[in-house]
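All remarks here apply to the structure that follows.
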Amino acid sequence: MAVFRLHGSRVLAVDLAGDAVKAKNGAMVAYDGEMTFKKMTGGGEGLRGMMTRRITGEAMAVMEVKGHGTCYFADRATEINLVRLTGEKLYVEASNLLATEPSLRTGTTFTGLRGASQGNGLFTTTVEGTGQAAIMSDGPAIVLRVSGAYPLVVDPGAYVAHTGQLRQQLQSSVGWRTLMGEGSGESFQIRFEGEGLVYVQPSERNTIGGQL
């Protein structure tokens with residue numbers, strides 16, 4: 001069984017005992033022991049995954065790492081967060097997914113205008129099953145809980161991932177103050193309602209919504 005552990009906050013160490021792990025292609029920075037590397041394609045497994053990639057264009061370059069020893073992964077010195085799944089589904093942008101245990105399944109799902117507002121397209125990556133996933137953020141991510149009594153509003157450029165039974169709605173704050181240059185500058189936000197967790201980074205990507 002692959003064991004995920006953080007080596008600091010920007011390096012993921014994965015202990016392997018003959019098993020395999022999936023990671024972002026090119027994210028290996030070091031390893032000890034005996035390892036083999038096999039390039040794969042994200043977006044889901046099998047024929048369905050191939051069709052999904054063709055339709056959505058959500059093709060995350062991943063590799064399978066297998067062997068005995070410890071493999072270290074990192075990407076552009078970004079912060080790494082470990083997410084433990086127990087049967088639920090993780091929604092994460094492909095660019096923010098670093099590695100997953102082999103027991104987890106990956107796929108894609110339609111996000112509509114929410115994804116377009118982030119500049120990431122109309123689809124996003126899903127990870128589901130039981131195991132750990134490592135996600136990346138530009139700066140230490142904060143994990144915010146959403147409940148029925150407390151909906152959450154997030155800037156599209158700061159959104160990283162979410163889990164749980166959440167409904168998303170893209171809302172606009174464009175008004176006369178925004179047009180006069182007196183608004184907050186946040187033209188669009190994502191409103192989350194339901195029960196779940198949202199991962200937010202302390203840095204904003206350039207998004208379509210932020211340019212309006």
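Residues are named by chain letter and number: chains run A, B, ... in the order of the structure tokens, numbers start at 1 in each chain, and ligands are numbered from 1 in the order shown.
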Next on the checklist: Need to verify the contact set: Thr124 (chain A), 7 Å, only C-alpha atoms, exclusion of same-chain residues closer than 6 positions in sequence. Can you return it as JSON, numbers by chain?
Outcome noted: {"A": [91, 92, 93, 94, 108, 109, 110, 111]}
Next on the checklist: Just checking: using only C-alpha atoms, which residue out of A:Thr100, A:Thr70, A:Ser9, A:Gln189 ends up closest to Met35 (chain A)?
Outcome noted: A:Thr70
Item to check | Shell around region 131-139 of chain A at 9 Å using only C-alpha atoms, local window under 2 positions removed, as a PyMOL selection string | outcome: chain A and resi 3-4+10+12+23+75+77-87+90+92+95-104+127-129+141+158+160-161+199-204
Checklist outcome for this item: Separating CA of Ile142 (chain A) from CA of Glu64 (chain A), to the nearest tenth of an Å, is a gap of 28.9 Å
Next on the checklist: One decimal, in Å: what's the spacing between CA of Ala149 (chain A) and CA of Gln169 (chain A)?
Outcome noted: 16.5 Å
Item to check | Å distance separating CA of Val146 (chain A) from CA of Leu6 (chain A), one decimal place | outcome: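 Computing it gives 26.3 Å between the two atoms.
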Item to check | Shortest interatomic distance to Gly148 (chain A) - which of A:Glu88, A:Asp15, A:Asp32, A:Glu193, counting only C-alpha atoms | outcome: A:Glu193
Item to check | Counting only C-alpha atoms, the residue of A:Gly157, A:Gly164, A:Pro151, A:Pro140 that sits nearest Gly8 (chain A) | outcome: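 Closest candidate: A:Pro140.
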Item to check | Among listed residues A:Ala20, A:Leu170, A:Ala2, A:His68, nearest Glu34 (chain A) (using only C-alpha atoms) | outcome: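 Using only C-alpha atoms, Glu34 (chain A) sits closest to A:His68.
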Item to check | 7 Å contact set for Gln165 (chain A), only C-alpha atoms, chain neighbours under 5 positions out, as a PyMOL selection string | outcome: chain A and resi 194-196
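Using only C-alpha atoms, the shortest contact distance between Val154 (chain A) and any of A:Lys66, A:Arg167, A:Arg191, A:Lys89 is found at A:Arg191.
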Considering only C-alpha atoms, return as an mmCIF file with N, CA and C atoms, in the first residue's frame whatever protein or nucleic-acid residues lie within 9 Å of Ile190 (chain A), sequence-local ones (same chain, fewer than 3 positions apart) excluded.
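The file below, part-v3.cif, is the result:
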```cif
data_model
loop_
_atom_site.group_PDB
_atom_site.id
_atom_site.type_symbol
_atom_site.label_atom_id
_atom_site.label_comp_id
_atom_site.auth_asym_id
_atom_site.auth_seq_id
_atom_site.Cartn_x
_atom_site.Cartn_y
_atom_site.Cartn_z
ATOM 1 N N ARG A 114 -18.976 28.143 -14.375
ATOM 2 C CA ARG A 114 -18.041 28.257 -13.258
ATOM 3 C C ARG A 114 -16.631 27.997 -13.734
ATOM 4 N N LEU A 152 -21.150 29.624 1.230
ATOM 5 C CA LEU A 152 -19.819 30.205 1.064
ATOM 6 C C LEU A 152 -19.696 30.820 -0.321
ATOM 7 N N VAL A 153 -19.069 31.985 -0.390
ATOM 8 C CA VAL A 153 -18.811 32.667 -1.654
ATOM 9 C C VAL A 153 -17.304 32.758 -1.843
ATOM 10 N N VAL A 154 -16.812 32.316 -3.018
ATOM 11 C CA VAL A 154 -15.380 32.227 -3.278
ATOM 12 C C VAL A 154 -15.051 32.903 -4.596
ATOM 13 N N ASP A 155 -13.926 33.598 -4.638
ATOM 14 C CA ASP A 155 -13.449 34.153 -5.894
ATOM 15 C C ASP A 155 -13.003 33.007 -6.806
ATOM 16 N N PRO A 156 -13.395 33.002 -8.081
ATOM 17 C CA PRO A 156 -13.035 31.897 -8.977
ATOM 18 C C PRO A 156 -11.536 31.654 -9.070
ATOM 19 N N TYR A 159 -10.265 29.531 -6.004
ATOM 20 C CA TYR A 159 -10.813 28.175 -5.811
ATOM 21 C C TYR A 159 -9.796 27.118 -6.248
ATOM 22 N N GLN A 168 -23.287 24.550 -6.760
ATOM 23 C CA GLN A 168 -22.527 25.728 -7.148
ATOM 24 C C GLN A 168 -23.360 26.653 -8.024
ATOM 25 N N GLN A 169 -23.162 27.925 -7.814
ATOM 26 C CA GLN A 169 -23.850 28.916 -8.632
ATOM 27 C C GLN A 169 -22.906 30.089 -8.879
ATOM 28 N N LEU A 170 -22.754 30.447 -10.141
ATOM 29 C CA LEU A 170 -21.928 31.602 -10.478
ATOM 30 C C LEU A 170 -22.769 32.849 -10.337
ATOM 31 N N GLN A 171 -22.348 33.762 -9.481
ATOM 32 C CA GLN A 171 -23.111 34.990 -9.276
ATOM 33 C C GLN A 171 -22.275 36.200 -9.654
ATOM 34 N N SER A 172 -22.971 37.235 -10.100
ATOM 35 C CA SER A 172 -22.310 38.449 -10.557
ATOM 36 C C SER A 172 -22.546 39.571 -9.568
#
```
